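Peer 1: I'd like to ask some things about the structure below.
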Amino acid sequence: MFRHIGGSSVQNSPTATYSTTALTNGQVVDVIVTNASGCTATSSGIINIVNAIPLTPTAGTPTNPSCKVPTGSVQLSGLPSSGTIVQTGERSENIVITGGGTQPITGLLPGTYYFAVTNGGCTSATVSVVIIAPETNTWSGSWSDGTPTINQRLVFASNYPNTIDADIEGCSCQVTGSTAVTIKSGRTLKIENGVEVQPNATLTFENNASLVQINDDAVNSGNIRYHRHTDAVKRYDFTYWSSPVTPQTLKALSPNTLGDKYYSFNPTSGWKIEYNGAAQMVKGNGYIIRAPQTFSITVPAIDTNPVFVGIPNNGVVTLASLAGNKAHLLGNPYPSAIDADKFIAANSASLEGTLYFWTHNTSPSKDIAGDAIYNYTTNDYVTYNKTGGVGISGKIAAGQGFFAPATAAGGTVVFNNAMRYTEGEPNYDNSQFFKLSSTSKTTTTAVAATEKSRVWLNLTNKEGAFKQTLVGYISGATNDYDAGFDGMSYDGNQFVDFYSVNNAVNLSIQGRALPFVKQDSVALGYKSTIVGEFQISIDRTDGALATQNIFLEDKDLKVLHDLKKAPYTFTTEKGAFKNRFVLRYVDKNAVEEVVEPETAIEVSKDVVVAVKDREITINSAEVVLDKVVVYDITGKIIYQQNEIAKNVFVIAHLISSQQLLLVDVLLSDGSKFSTKIIY
């Protein structure tokens, strides 16, 4: 017999088991057991504990996946202070309740989910949540939802031929089944997130086409085929490469190259032969490969066979511990062009700031390992830095290798997706791959907000010798050597070199300070192994120099020639000539001449003293300045600076009323000159 405490009987007849739903939470009962002999036993009080069923959680409005966030989320509310959330449906998972009330559930892929709460013994009813996939636009001979947008998931369900001449952009990209997709030369596939190429499908990029990705964390799967054509090369020509995919061997890129003509570069020991091209190409590193052995020795031809096959590289690529004060052979790691200015800016602590690109403009040399007859030197390059480019645009093409000197400290070099595009601007030009155009030696650089006034000068002859130098007045530069604005000439062309000279350094690119002062002058030098007739001409100008007169002074012949009217023709012997030419911006008769010294040494045309905006600028085109002294009309010294050791020196905000001053200039070679100014 069972009974409630208090005497209320609930079961009188004998029974082996008893169940009831009449008890409530917290009630105490006792049990009296009687055997056949009439003996009884009474239990102690038993407290009845009833576990309540948890309340069903409440789901908020889901946040669906987007291009930037590939998974969705939802807020669950009405949760107890402890227990477990049971997630079923698209993906099953148990989630510990933390704190109760409201809790976010994240990482939800598209699909239907069910959420309940359990306290270990009882489980609530479920609430359902539907996570909706981003909008899908499918190609099946035409797009299912009009022209694709960056917010749509793109699916190629049927072939996409190269006859379609259009750029494409989307949230993600999937090539399904056995579909063949070809992106036409010069066109861009721009994807926010990842690219998936299924095993039997193909995604091919023709020469100069691009795959641009925005999200550094996006993961790609499946191989692409990325084609790259070389410049017109002969058998013994080398091309500088970098792989936009992983994995990729040197041999697979050029299978008909001779086995000892694949090279990597060690900044300390130099070139290293990668025998039989077996080496895997490391992301961000550069390599050189000679043309196929089947190519002519005398007649150049474009190699259209190189193709990279692998998973497209994406996101942050890091090269750590680059040695300081060494040149490193790097390369664009992506299947799209990158912006050289962004690359230089991001690596200003580790790289000196000038990039060098091989041009195929010189004949073979014997200076690196191999057959010792037809290999090139490593030193004949076009250059690019923040001042501008000599023979190259500001975009580094896919597959392109290049040299970059490190700073004294060296360190880490980084590539990232931000270098592959500029929001709101057209897709980057991916066509300038390690070559100069046969019809124009200069390419147009990208328009930038930085103030620049520049002149590109060419040294040429009728037989095809060519070298270019750049002088630019640009924000951030000074008239001393500036890493990132000045680029030294590597002097690798065996026939000619052409450069400006500053502080005894030969510069293929020279950045100079703003504001531009028309009294400025720049020494120009050249080297020639050819006796004969040459021309110096303006290739192009921009900024203030587009409308400014530009003169070339030939000091040997005492000629001042207007380059804006015509190229200057001269003859030369073999040798290096650092002192023959000076770039000027005013007619010599308009230049404020330095007063001739008492010794009557007529070299005053090499020194200019200019006054502008309360600044006195002393510029010596050749010999560096040693000492400057300024006197007032009574002979009193009002300013003096010793041991200058620069070509250009500026005196700013000198305390003086408007009066006649005498400026004495002493050069490092002992020459002394004087001039009068009003300041």
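Residue numbers start at 1 in each chain; chains themselves are named A, B, ... in the order of the structure tokens; ligands are numbered from 1 in the order shown.
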Would you give me, as an MDAnalysis selection string, the residues in region 148-309 of chain A that DSSP reads as strand (DSSP E or B)?

Peer 2: chainID A and resid 153:156 160 168:170 172:175 180:183 188:191 195:197 202:205 210:213 221 224:227 232:233 238:241 245:246 249 262:266 270:273 280 285 287:290 301:302 307:309

Peer 1: Near region 170-185 of chain A, counting only C-alpha atoms, which residues have an atom at most 9 Å away, once you skip same-chain residues fewer than 6 positions from it, shown as a ChimeraX atom specification?

Peer 2: /A:66-68,134,137,148-164,191-211

Peer 1: Applying 8 Å and only C-alpha atoms, which residues near Tyr428 (chain A) remain after dropping the ones on its own chain fewer than 3 positions away? List them as a PyMOL selection string.

Peer 2: chain A and resi 336-339+395+420-421
